[in-house]
file final_3.cif (mmCIF, C-alpha atoms)
data_query
loop_
_atom_site.group_PDB
_atom_site.id
_atom_site.type_symbol
_atom_site.label_atom_id
_atom_site.label_comp_id
_atom_site.auth_asym_id
_atom_site.auth_seq_id
_atom_site.Cartn_x
_atom_site.Cartn_y
_atom_site.Cartn_z
ATOM 1 C CA MET K 1 140.304 110.076 110.208
ATOM 2 C CA SER K 2 143.459 110.095 108.122
ATOM 3 C CA GLU K 3 143.387 108.571 104.694
ATOM 4 C CA ASP K 4 145.287 105.379 105.451
ATOM 5 C CA GLU K 5 142.804 104.527 108.206
ATOM 6 C CA THR K 6 139.912 104.061 105.829
ATOM 7 C CA TYR K 7 138.893 100.594 104.758
ATOM 8 C CA ALA K 8 139.444 99.207 101.301
ATOM 9 C CA LEU K 9 137.548 96.615 99.282
ATOM 10 C CA GLU K 10 139.102 93.369 98.119
ATOM 11 C CA PRO K 11 136.395 91.785 95.956
ATOM 12 C CA GLN K 12 138.676 88.932 94.954
ATOM 13 C CA ARG K 13 138.673 87.704 98.563
ATOM 14 C CA TRP K 14 135.007 88.357 99.415
ATOM 15 C CA VAL K 15 133.916 84.726 99.195
ATOM 16 C CA GLU K 16 136.795 83.588 101.366
ATOM 17 C CA LYS K 17 136.468 86.390 103.930
ATOM 18 C CA HIS K 18 132.728 86.995 104.124
ATOM 19 C CA GLY K 19 131.022 84.126 102.292
ATOM 20 C CA ASP K 20 130.163 82.101 105.400
ATOM 21 C CA TYR K 21 129.200 85.138 107.422
ATOM 22 C CA LEU K 22 126.806 86.510 104.823
ATOM 23 C CA PHE K 23 125.399 83.060 104.139
ATOM 24 C CA ASN K 24 124.745 82.517 107.837
ATOM 25 C CA TYR K 25 123.098 85.927 108.099
ATOM 26 C CA ALA K 26 120.890 85.209 105.085
ATOM 27 C CA ILE K 27 119.853 81.666 105.936
ATOM 28 C CA VAL K 28 118.609 82.668 109.384
ATOM 29 C CA ARG K 29 116.332 85.155 107.632
ATOM 30 C CA VAL K 30 115.165 83.258 104.565
ATOM 31 C CA ASN K 31 115.418 79.654 105.775
ATOM 32 C CA ASP K 32 116.343 78.215 102.425
ATOM 33 C CA PRO K 33 119.981 77.324 101.601
ATOM 34 C CA GLU K 34 119.585 77.830 97.868
ATOM 35 C CA LYS K 35 117.877 81.187 98.274
ATOM 36 C CA ALA K 36 120.515 82.222 100.826
ATOM 37 C CA ALA K 37 123.384 81.360 98.453
ATOM 38 C CA ASP K 38 121.645 83.321 95.673
ATOM 39 C CA LEU K 39 121.334 86.308 97.984
ATOM 40 C CA VAL K 40 125.047 86.143 98.812
ATOM 41 C CA GLN K 41 125.877 86.143 95.111
ATOM 42 C CA GLU K 42 123.481 89.024 94.390
ATOM 43 C CA THR K 43 125.010 90.973 97.267
ATOM 44 C CA PHE K 44 128.548 90.542 95.938
ATOM 45 C CA LEU K 45 127.457 91.540 92.427
ATOM 46 C CA ALA K 46 125.626 94.615 93.715
ATOM 47 C CA GLY K 47 128.727 95.394 95.759
ATOM 48 C CA LEU K 48 130.926 95.239 92.666
ATOM 49 C CA LYS K 49 128.586 97.576 90.808
ATOM 50 C CA ALA K 50 128.496 100.034 93.673
ATOM 51 C CA LYS K 51 132.110 99.766 94.741
ATOM 52 C CA ASP K 52 132.887 103.327 93.735
ATOM 53 C CA ASN K 53 130.339 104.467 96.297
ATOM 54 C CA PHE K 54 132.237 102.739 99.091
ATOM 55 C CA LYS K 55 133.745 105.546 101.145
ATOM 56 C CA GLY K 56 135.797 103.313 103.397
ATOM 57 C CA LEU K 57 134.137 104.663 106.529
ATOM 58 C CA SER K 58 132.786 101.288 107.601
ATOM 59 C CA THR K 59 134.380 97.865 107.279
ATOM 60 C CA GLU K 60 133.915 95.892 104.126
ATOM 61 C CA ARG K 61 131.743 93.404 105.998
ATOM 62 C CA THR K 62 129.418 96.043 107.477
ATOM 63 C CA TRP K 63 129.022 97.528 104.042
ATOM 64 C CA LEU K 64 128.224 94.163 102.443
ATOM 65 C CA ILE K 65 125.741 93.328 105.212
ATOM 66 C CA SER K 66 123.890 96.576 104.576
ATOM 67 C CA ILE K 67 123.496 95.545 100.929
ATOM 68 C CA LEU K 68 122.381 92.054 101.940
ATOM 69 C CA LYS K 69 119.779 93.500 104.314
ATOM 70 C CA ARG K 70 118.160 95.404 101.447
ATOM 71 C CA LYS K 71 118.164 92.241 99.340
ATOM 72 C CA ILE K 72 116.460 90.270 102.103
ATOM 73 C CA ILE K 73 113.761 92.894 102.513
ATOM 74 C CA ASP K 74 113.210 92.829 98.753
ATOM 75 C CA THR K 75 112.680 89.074 99.027
ATOM 76 C CA TYR K 76 110.087 89.585 101.747
ATOM 77 C CA ARG K 77 108.304 92.145 99.613
ATOM 78 C CA LYS K 78 108.187 89.786 96.660
ATOM 79 C CA GLN K 79 106.699 87.065 98.855
ATOM 80 C CA TYR K 80 104.179 89.598 99.901
ATOM 81 C CA ALA K 81 103.258 90.844 96.481
ATOM 82 C CA SER K 82 102.589 87.297 95.330
ATOM 83 C CA ARG K 83 100.020 86.844 98.078
ATOM 84 C CA GLU K 84 98.169 90.089 97.839
ATOM 85 C CA SER K 85 94.725 88.569 98.067
ATOM 86 C CA SER K 86 95.438 86.971 101.424
ATOM 87 C CA LEU K 87 96.133 90.377 102.916
ATOM 88 C CA GLU K 88 92.439 91.049 103.065
ATOM 89 C CA ASP K 89 91.893 88.039 105.287
ATOM 90 C CA PHE K 90 94.033 89.654 107.915
ATOM 91 C CA GLU K 91 91.875 92.740 108.000
ATOM 92 C CA GLN K 92 88.818 90.858 108.990
ATOM 93 C CA GLU K 93 89.320 88.572 111.893
ATOM 94 C CA ILE K 94 91.706 87.340 114.467
ATOM 95 C CA THR K 95 89.679 84.172 114.648
ATOM 96 C CA ASP K 96 91.265 81.351 112.763
ATOM 97 C CA GLY K 97 89.417 78.115 112.122
ATOM 98 C CA ASP K 98 92.683 76.202 112.421
ATOM 99 C CA PHE K 99 92.997 77.097 116.061
ATOM 100 C CA TYR K 100 89.624 77.974 117.512
ATOM 101 C CA ARG K 101 86.193 76.403 117.482
ATOM 102 C CA THR K 102 83.761 78.092 115.168
ATOM 103 C CA GLU K 103 80.439 76.627 116.306
ATOM 104 C CA ASP K 104 78.187 78.151 118.967
ATOM 105 C CA PRO K 105 78.156 78.127 121.923
ATOM 106 C CA PHE K 106 81.876 77.363 121.948
ATOM 107 C CA ARG K 107 82.865 79.865 119.293
ATOM 108 C CA GLY K 108 86.356 81.192 119.958
ATOM 109 C CA HIS K 109 87.391 78.445 122.392
ATOM 110 C CA TRP K 110 90.584 76.507 121.745
ATOM 111 C CA LEU K 111 90.159 73.754 119.237
ATOM 112 C CA GLU K 112 91.218 70.458 120.714
ATOM 113 C CA GLY K 113 94.904 69.907 119.983
ATOM 114 C CA SER K 114 95.540 73.561 119.115
ATOM 115 C CA GLY K 115 95.708 75.010 122.589
ATOM 116 C CA PRO K 116 98.541 74.394 125.011
ATOM 117 C CA HIS K 117 98.928 70.893 126.461
ATOM 118 C CA SER K 118 102.036 70.783 128.542
ATOM 119 C CA HIS K 119 102.779 73.175 131.363
ATOM 120 C CA SER K 120 106.035 74.209 129.852
ATOM 121 C CA LEU K 121 107.398 74.605 126.366
ATOM 122 C CA MET K 122 110.850 73.865 127.704
ATOM 123 C CA PRO K 123 111.867 70.249 128.128
ATOM 124 C CA GLU K 124 112.583 68.933 131.603
ATOM 125 C CA GLY K 125 116.148 69.194 132.776
ATOM 126 C CA GLU K 126 119.101 70.692 130.972
ATOM 127 C CA LEU K 127 118.246 72.590 127.859
ATOM 128 C CA GLU K 128 120.043 71.168 124.871
ATOM 129 C CA GLN K 129 121.152 74.353 123.154
ATOM 130 C CA GLY K 130 121.841 72.783 119.789
ATOM 131 C CA GLU K 131 118.537 70.986 119.631
ATOM 132 C CA LEU K 132 116.668 74.080 120.708
ATOM 133 C CA MET K 133 118.264 76.078 117.897
ATOM 134 C CA GLN K 134 117.275 73.436 115.374
ATOM 135 C CA ILE K 135 113.696 73.344 116.577
ATOM 136 C CA ILE K 136 113.272 77.118 116.480
ATOM 137 C CA GLN K 137 114.767 77.241 113.025
ATOM 138 C CA TRP K 138 112.645 74.371 111.804
ATOM 139 C CA CYS K 139 109.475 75.971 113.169
ATOM 140 C CA ILE K 140 110.279 79.356 111.637
ATOM 141 C CA SER K 141 110.875 77.681 108.286
ATOM 142 C CA ASN K 142 107.459 76.068 108.585
ATOM 143 C CA LEU K 143 105.639 79.368 108.961
ATOM 144 C CA PRO K 144 103.855 80.637 105.859
ATOM 145 C CA PRO K 145 106.363 83.000 104.150
ATOM 146 C CA ASN K 146 104.480 86.204 104.874
ATOM 147 C CA LEU K 147 104.085 85.417 108.569
ATOM 148 C CA ALA K 148 107.729 84.381 108.721
ATOM 149 C CA SER K 149 108.967 87.677 107.281
ATOM 150 C CA ALA K 150 106.991 89.765 109.781
ATOM 151 C CA PHE K 151 108.035 87.499 112.665
ATOM 152 C CA ILE K 152 111.713 87.528 111.684
ATOM 153 C CA MET K 153 111.873 91.274 111.138
ATOM 154 C CA LYS K 154 110.270 91.921 114.498
ATOM 155 C CA MET K 155 111.904 89.220 116.615
ATOM 156 C CA ILE K 156 115.275 88.520 114.978
ATOM 157 C CA ASP K 157 116.099 91.898 113.451
ATOM 158 C CA GLU K 158 114.336 93.806 116.217
ATOM 159 C CA ALA K 159 112.898 96.268 113.739
ATOM 160 C CA THR K 160 110.349 98.716 115.107
ATOM 161 C CA SER K 161 106.717 98.137 114.219
ATOM 162 C CA GLU K 162 106.812 101.247 112.030
ATOM 163 C CA GLU K 163 109.760 99.873 110.072
ATOM 164 C CA VAL K 164 108.138 96.482 109.533
ATOM 165 C CA CYS K 165 104.880 98.069 108.392
ATOM 166 C CA LYS K 166 106.682 100.421 106.044
ATOM 167 C CA GLU K 167 108.831 97.688 104.485
ATOM 168 C CA LEU K 168 106.001 95.205 104.072
ATOM 169 C CA GLU K 169 103.435 97.888 103.245
ATOM 170 C CA ILE K 170 100.921 96.716 105.795
ATOM 171 C CA THR K 171 98.948 98.489 108.517
ATOM 172 C CA THR K 172 99.810 98.098 112.186
ATOM 173 C CA SER K 173 96.627 96.087 112.804
ATOM 174 C CA ASN K 174 97.730 93.681 110.046
ATOM 175 C CA LEU K 175 101.029 93.362 111.836
ATOM 176 C CA TRP K 176 99.522 92.524 115.238
ATOM 177 C CA VAL K 177 97.320 89.854 113.681
ATOM 178 C CA MET K 178 100.256 88.421 111.737
ATOM 179 C CA LEU K 179 102.470 88.285 114.813
ATOM 180 C CA HIS K 180 99.639 86.654 116.748
ATOM 181 C CA ARG K 181 99.200 84.009 114.066
ATOM 182 C CA ALA K 182 102.924 83.447 113.830
ATOM 183 C CA ARG K 183 103.060 82.919 117.600
ATOM 184 C CA LEU K 184 100.083 80.537 117.532
ATOM 185 C CA LYS K 185 101.850 78.425 114.919
ATOM 186 C CA MET K 186 105.290 78.675 116.489
ATOM 187 C CA ARG K 187 104.007 77.681 119.917
ATOM 188 C CA LYS K 188 102.173 74.692 118.567
ATOM 189 C CA CYS K 189 105.137 73.661 116.447
ATOM 190 C CA VAL K 190 107.633 73.863 119.325
ATOM 191 C CA GLU K 191 105.330 72.002 121.694
ATOM 192 C CA THR K 192 104.697 69.244 119.178
ATOM 193 C CA LYS K 193 108.435 68.918 118.526
ATOM 194 C CA TRP K 194 109.296 68.410 122.174
ATOM 195 C CA LEU K 195 106.460 65.980 122.795
ATOM 196 C CA ARG K 196 107.402 63.892 119.840
ATOM 197 C CA MET G 1 82.817 111.591 141.256
ATOM 198 C CA PHE G 2 82.532 108.297 143.097
ATOM 199 C CA ARG G 3 79.234 107.601 141.447
ATOM 200 C CA LYS G 4 80.809 108.263 138.096
ATOM 201 C CA MET G 5 83.664 105.857 138.861
ATOM 202 C CA LYS G 6 81.198 103.277 140.107
ATOM 203 C CA ASN G 7 79.233 103.597 136.907
ATOM 204 C CA HIS G 8 82.370 103.110 134.904
ATOM 205 C CA MET G 9 83.261 100.016 136.908
ATOM 206 C CA MET G 10 79.804 98.588 136.369
ATOM 207 C CA VAL G 11 80.140 99.122 132.656
ATOM 208 C CA PHE G 12 83.511 97.380 132.625
ATOM 209 C CA MET G 13 82.368 94.497 134.767
ATOM 210 C CA SER G 14 79.292 93.897 132.715
ATOM 211 C CA ARG G 15 81.189 93.826 129.443
ATOM 212 C CA ARG G 16 80.891 90.546 127.692
ATOM 213 C CA MET G 17 83.588 88.090 128.569
ATOM 214 C CA ILE G 18 86.058 87.459 125.808
ATOM 215 C CA ALA G 19 86.784 83.978 124.471
ATOM 216 C CA CYS G 20 90.170 82.270 124.022
ATOM 217 C CA ASP G 21 90.677 83.650 120.504
ATOM 218 C CA GLU G 22 90.564 87.260 121.668
ATOM 219 C CA ALA G 23 92.432 86.488 124.874
ATOM 220 C CA SER G 24 95.304 84.824 123.009
ATOM 221 C CA PHE G 25 95.398 87.732 120.580
ATOM 222 C CA LEU G 26 95.690 90.150 123.501
ATOM 223 C CA ILE G 27 98.442 88.023 125.047
ATOM 224 C CA SER G 28 100.420 88.442 121.840
ATOM 225 C CA TYR G 29 99.424 92.100 121.337
ATOM 226 C CA LYS G 30 100.660 92.846 124.860
ATOM 227 C CA GLU G 31 104.198 91.895 123.774
ATOM 228 C CA GLU G 32 104.460 95.020 121.641
ATOM 229 C CA ASN G 33 101.737 97.289 122.982
ATOM 230 C CA LYS G 34 100.308 98.576 126.193
ATOM 231 C CA LEU G 35 96.764 97.371 126.769
ATOM 232 C CA GLY G 36 94.092 99.964 127.444
ATOM 233 C CA PHE G 37 92.140 99.507 130.666
ATOM 234 C CA LYS G 38 89.191 97.815 129.016
ATOM 235 C CA LYS G 39 91.312 95.226 127.192
ATOM 236 C CA TRP G 40 93.488 94.700 130.230
ATOM 237 C CA TRP G 41 90.417 94.032 132.337
ATOM 238 C CA GLN G 42 88.860 91.673 129.800
ATOM 239 C CA LEU G 43 92.064 89.672 129.610
ATOM 240 C CA LYS G 44 92.423 89.605 133.391
ATOM 241 C CA MET G 45 88.868 88.318 133.798
ATOM 242 C CA HIS G 46 89.380 85.691 131.112
ATOM 243 C CA LEU G 47 92.602 84.430 132.663
ATOM 244 C CA LEU G 48 90.869 83.992 136.022
ATOM 245 C CA SER G 49 88.606 81.388 134.523
ATOM 246 C CA CYS G 50 90.671 79.784 131.755
ATOM 247 C CA HIS G 51 93.629 77.602 132.667
ATOM 248 C CA LEU G 52 94.449 76.952 128.994
ATOM 249 C CA CYS G 53 95.034 80.636 128.287
ATOM 250 C CA VAL G 54 97.118 80.961 131.459
ATOM 251 C CA LYS G 55 99.310 78.182 130.071
ATOM 252 C CA TYR G 56 99.294 79.856 126.687
ATOM 253 C CA ALA G 57 100.518 83.155 128.161
ATOM 254 C CA LYS G 58 103.309 81.361 129.976
ATOM 255 C CA GLN G 59 104.332 79.432 126.882
ATOM 256 C CA ILE G 60 104.399 82.588 124.755
ATOM 257 C CA GLN G 61 106.868 84.040 127.246
ATOM 258 C CA GLN G 62 108.989 80.920 126.925
ATOM 259 C CA LEU G 63 108.759 81.044 123.156
ATOM 260 C CA ASN G 64 110.025 84.637 123.195
ATOM 261 C CA HIS G 65 112.884 83.578 125.377
ATOM 262 C CA MET G 66 113.810 80.752 123.004
ATOM 263 C CA VAL G 67 113.641 82.979 119.943
ATOM 264 C CA LEU G 68 115.874 85.554 121.636
ATOM 265 C CA ASN G 69 118.376 82.820 122.491
ATOM 266 C CA TYR G 70 118.254 81.667 118.914
ATOM 267 C CA ARG G 71 118.801 85.211 117.660
ATOM 268 C CA ASP G 72 121.798 85.783 119.940
ATOM 269 C CA ALA G 73 123.353 82.468 118.981
ATOM 270 C CA CYS G 74 122.936 83.220 115.293
ATOM 271 C CA ASN G 75 124.234 86.767 115.577
ATOM 272 C CA SER G 76 127.391 85.424 117.116
ATOM 273 C CA SER G 77 127.703 82.980 114.210
ATOM 274 C CA ALA G 78 127.131 80.040 116.538
ATOM 275 C CA CYS G 79 124.591 78.648 114.104
ATOM 276 C CA HIS G 80 127.436 77.229 111.998
ATOM 277 C CA HIS G 81 125.907 77.635 108.611
ATOM 278 C CA HIS G 82 128.635 77.520 106.034
ATOM 279 C CA LEU G 83 128.311 78.619 102.465
ATOM 280 C CA PRO G 84 128.248 75.305 100.560
ATOM 281 C CA THR G 85 131.583 74.752 98.802
ATOM 282 C CA GLU G 86 130.006 74.405 95.387
ATOM 283 C CA ALA G 87 128.041 77.634 95.762
ATOM 284 C CA GLY G 88 131.175 79.389 96.998
ATOM 285 C CA LYS G 89 133.156 78.280 93.952
ATOM 286 C CA LYS G 90 130.399 79.380 91.618
ATOM 287 C CA ILE G 91 130.166 82.804 93.256
ATOM 288 C CA GLN G 92 133.952 83.182 93.151
ATOM 289 C CA LYS G 93 133.856 82.488 89.419
ATOM 290 C CA VAL G 94 131.130 85.063 88.870
ATOM 291 C CA ILE G 95 133.093 87.686 90.806
ATOM 292 C CA SER G 96 136.320 86.973 88.914
ATOM 293 C CA ARG G 97 134.500 87.205 85.613
ATOM 294 C CA GLU G 98 132.961 90.538 86.590
ATOM 295 C CA LEU G 99 136.323 91.879 87.746
ATOM 296 C CA HIS G 100 138.035 90.888 84.515
ATOM 297 C CA ALA G 101 135.258 92.240 82.359
ATOM 298 C CA LYS G 102 136.145 95.700 83.597
#

call {"tool": "encode", "arguments": {"input": "final_3.cif", "output": "structure tokens"}}
result
Amino acid sequence: MSEDETYALEPQRWVEKHGDYLFNYAIVRVNDPEKAADLVQETFLAGLKAKDNFKGLSTERTWLISILKRKIIDTYRKQYASRESSLEDFEQEITDGDFYRTEDPFRGHWLEGSGPHSHSLMPEGELEQGELMQIIQWCISNLPPNLASAFIMKMIDEATSEEVCKELEITTSNLWVMLHRARLKMRKCVETKWLR
Amino acid sequence: MFRKMKNHMMVFMSRRMIACDEASFLISYKEENKLGFKKWWQLKMHLLSCHLCVKYAKQIQQLNHMVLNYRDACNSSACHHHLPTEAGKKIQKVISRELHAK
């Protein structure tokens, strides 16, 4: 690559050129407009500090996104650290009193209203794309923060299980239980939304 | 050898049936992992007798599909989230200040 083919940084135009893009990227992953705007600002500031490290081998946007990604993972970790005690709950059981019956002889059966009702999660007829997007986003934002971060990393960012476990400092069995719980809640949320 | 296989089958068949909590966990677990024979069999047996978990499995597939759609739409910026104007102005100010401080 010759020298004039490398990319340059134009911090003065970052907000104009990448503000929306970074904000969109962040809000999908943290589900909170204020938090997302803060992350965009932190990313730009970190970018300014590190701008001498920018080699110009990737585009400005790719470089900024890589900074933002680290910031988002840091947010997940903080959410995690603040809920350390609840980690132990995950170790123990997949059974969750919110979803399954806990009394014998029906222990482990679906609790009424928590299991599936309708045959399909999809509405009849044409799928309204916009509405679907809103519902998925709304349901993700209603997940407890720690379940949401595992679910988003796995499903939206398509991280490998090893990556998710390493970033969140959890074991793989924690992860499977968390994904299971996230899916239980997401399924119920989506179904309730359509039936409404 | 046949006797050995038969014994194994008997052991598997006589395993306790799992309830909906374990079955739904396995349905989710199966998304990222391959089930061992024992778990696979337990789930299979459960699904034969539980219409709710059959529905659940189908709905989890649909949920995955929806989330993937959502992801693709958002990756292509079709989500239309714009940085709020006020926040943009504030960030621009912070950047300018930082640039001039140097």

call {"tool": "closest_residue", "arguments": {"input": "final_3.cif", "among": "K:Asp38, K:Ile152, K:Arg13, K:Val28", "to": "Lys90 of chain G", "atoms": "all atoms listed in the file"}}
result
K:Asp38

call {"tool": "resolve_selection", "arguments": {"input": "final_3.cif", "expression": "the PyMOL selection byres ((chain G) within 9 of (chain K))", "output": "mmCIF file with C-alpha atoms, in the coordinates of the input"}}
result
data_model
loop_
_atom_site.group_PDB
_atom_site.id
_atom_site.type_symbol
_atom_site.label_atom_id
_atom_site.label_comp_id
_atom_site.auth_asym_id
_atom_site.auth_seq_id
_atom_site.Cartn_x
_atom_site.Cartn_y
_atom_site.Cartn_z
ATOM 1 C CA ILE G 18 86.058 87.459 125.808
ATOM 2 C CA ALA G 19 86.784 83.978 124.471
ATOM 3 C CA CYS G 20 90.170 82.270 124.022
ATOM 4 C CA ASP G 21 90.677 83.650 120.504
ATOM 5 C CA GLU G 22 90.564 87.260 121.668
ATOM 6 C CA SER G 24 95.304 84.824 123.009
ATOM 7 C CA PHE G 25 95.398 87.732 120.580
ATOM 8 C CA LEU G 26 95.690 90.150 123.501
ATOM 9 C CA ILE G 27 98.442 88.023 125.047
ATOM 10 C CA SER G 28 100.420 88.442 121.840
ATOM 11 C CA TYR G 29 99.424 92.100 121.337
ATOM 12 C CA GLU G 32 104.460 95.020 121.641
ATOM 13 C CA LEU G 52 94.449 76.952 128.994
ATOM 14 C CA CYS G 53 95.034 80.636 128.287
ATOM 15 C CA LYS G 55 99.310 78.182 130.071
ATOM 16 C CA TYR G 56 99.294 79.856 126.687
ATOM 17 C CA LYS G 58 103.309 81.361 129.976
ATOM 18 C CA GLN G 59 104.332 79.432 126.882
ATOM 19 C CA ILE G 60 104.399 82.588 124.755
ATOM 20 C CA GLN G 62 108.989 80.920 126.925
ATOM 21 C CA LEU G 63 108.759 81.044 123.156
ATOM 22 C CA ASN G 64 110.025 84.637 123.195
ATOM 23 C CA MET G 66 113.810 80.752 123.004
ATOM 24 C CA VAL G 67 113.641 82.979 119.943
ATOM 25 C CA LEU G 68 115.874 85.554 121.636
ATOM 26 C CA ASN G 69 118.376 82.820 122.491
ATOM 27 C CA TYR G 70 118.254 81.667 118.914
ATOM 28 C CA ARG G 71 118.801 85.211 117.660
ATOM 29 C CA ASP G 72 121.798 85.783 119.940
ATOM 30 C CA ALA G 73 123.353 82.468 118.981
ATOM 31 C CA CYS G 74 122.936 83.220 115.293
ATOM 32 C CA ASN G 75 124.234 86.767 115.577
ATOM 33 C CA SER G 77 127.703 82.980 114.210
ATOM 34 C CA CYS G 79 124.591 78.648 114.104
ATOM 35 C CA HIS G 80 127.436 77.229 111.998
ATOM 36 C CA HIS G 81 125.907 77.635 108.611
ATOM 37 C CA HIS G 82 128.635 77.520 106.034
ATOM 38 C CA LEU G 83 128.311 78.619 102.465
ATOM 39 C CA PRO G 84 128.248 75.305 100.560
ATOM 40 C CA ALA G 87 128.041 77.634 95.762
ATOM 41 C CA GLY G 88 131.175 79.389 96.998
ATOM 42 C CA LYS G 89 133.156 78.280 93.952
ATOM 43 C CA LYS G 90 130.399 79.380 91.618
ATOM 44 C CA ILE G 91 130.166 82.804 93.256
ATOM 45 C CA GLN G 92 133.952 83.182 93.151
ATOM 46 C CA VAL G 94 131.130 85.063 88.870
ATOM 47 C CA ILE G 95 133.093 87.686 90.806
ATOM 48 C CA SER G 96 136.320 86.973 88.914
ATOM 49 C CA GLU G 98 132.961 90.538 86.590
ATOM 50 C CA LEU G 99 136.323 91.879 87.746
#

call {"tool": "residues_near_point", "arguments": {"input": "final_3.cif", "point": "(139.6, 98.4, 107.9)", "cutoff": "10 Å", "atoms": "all atoms listed in the file", "output": "ChimeraX atom specification"}}
result
/K:4-9,56-61

call {"tool": "atom_distance", "arguments": {"input": "final_3.cif", "atom1": "atom CA of Met17 of chain G", "atom2": "atom CA of His46 of chain G"}}
result
6.8 Å

call {"tool": "closest_residue", "arguments": {"input": "final_3.cif", "among": "K:Glu167, K:Asp104, K:Ala159, K:Cys139", "to": "Arg70 of chain K", "atoms": "all atoms listed in the file"}}
result
K:Glu167

call {"tool": "residues_near_point", "arguments": {"input": "final_3.cif", "point": "(112.6, 86.5, 99.3)", "cutoff": "10 Å", "atoms": "only C-alpha atoms", "output": "list in words"}}
result
Arg29, Val30, Asn31, Asp32, Lys35, Ala36, Leu39, Lys71, Ile72, Ile73, Asp74, Thr75, Tyr76, Arg77, Lys78, Gln79, Tyr80, Pro145, Asn146 and Ser149 of chain K

call {"tool": "write_last_selection", "arguments": {"input": "final_3.cif", "atoms": "C-alpha atoms", "output": "compact mmCIF listing (two decimals), keeping the file's coordinate frame"}}
result
# COMPACT_ATOMS: atom_id res chain seq x y z
CA ARG K 29 116.33 85.16 107.63
CA VAL K 30 115.16 83.26 104.56
CA ASN K 31 115.42 79.65 105.78
CA ASP K 32 116.34 78.22 102.42
CA LYS K 35 117.88 81.19 98.27
CA ALA K 36 120.52 82.22 100.83
CA LEU K 39 121.33 86.31 97.98
CA LYS K 71 118.16 92.24 99.34
CA ILE K 72 116.46 90.27 102.10
CA ILE K 73 113.76 92.89 102.51
CA ASP K 74 113.21 92.83 98.75
CA THR K 75 112.68 89.07 99.03
CA TYR K 76 110.09 89.58 101.75
CA ARG K 77 108.30 92.14 99.61
CA LYS K 78 108.19 89.79 96.66
CA GLN K 79 106.70 87.06 98.86
CA TYR K 80 104.18 89.60 99.90
CA PRO K 145 106.36 83.00 104.15
CA ASN K 146 104.48 86.20 104.87
CA SER K 149 108.97 87.68 107.28

call {"tool": "residues_around", "arguments": {"input": "final_3.cif", "residues": "Arg16 of chain G", "least_positions_apart": "5", "cutoff": "12 Å", "atoms": "only C-alpha atoms", "output": "mmCIF file with C-alpha atoms, in the coordinates of the input"}}
result
data_model
loop_
_atom_site.group_PDB
_atom_site.id
_atom_site.type_symbol
_atom_site.label_atom_id
_atom_site.label_comp_id
_atom_site.auth_asym_id
_atom_site.auth_seq_id
_atom_site.Cartn_x
_atom_site.Cartn_y
_atom_site.Cartn_z
ATOM 1 C CA MET G 10 79.804 98.588 136.369
ATOM 2 C CA VAL G 11 80.140 99.122 132.656
ATOM 3 C CA GLU G 22 90.564 87.260 121.668
ATOM 4 C CA LYS G 38 89.191 97.815 129.016
ATOM 5 C CA LYS G 39 91.312 95.226 127.192
ATOM 6 C CA TRP G 41 90.417 94.032 132.337
ATOM 7 C CA GLN G 42 88.860 91.673 129.800
ATOM 8 C CA LEU G 43 92.064 89.672 129.610
ATOM 9 C CA MET G 45 88.868 88.318 133.798
ATOM 10 C CA HIS G 46 89.380 85.691 131.112
#
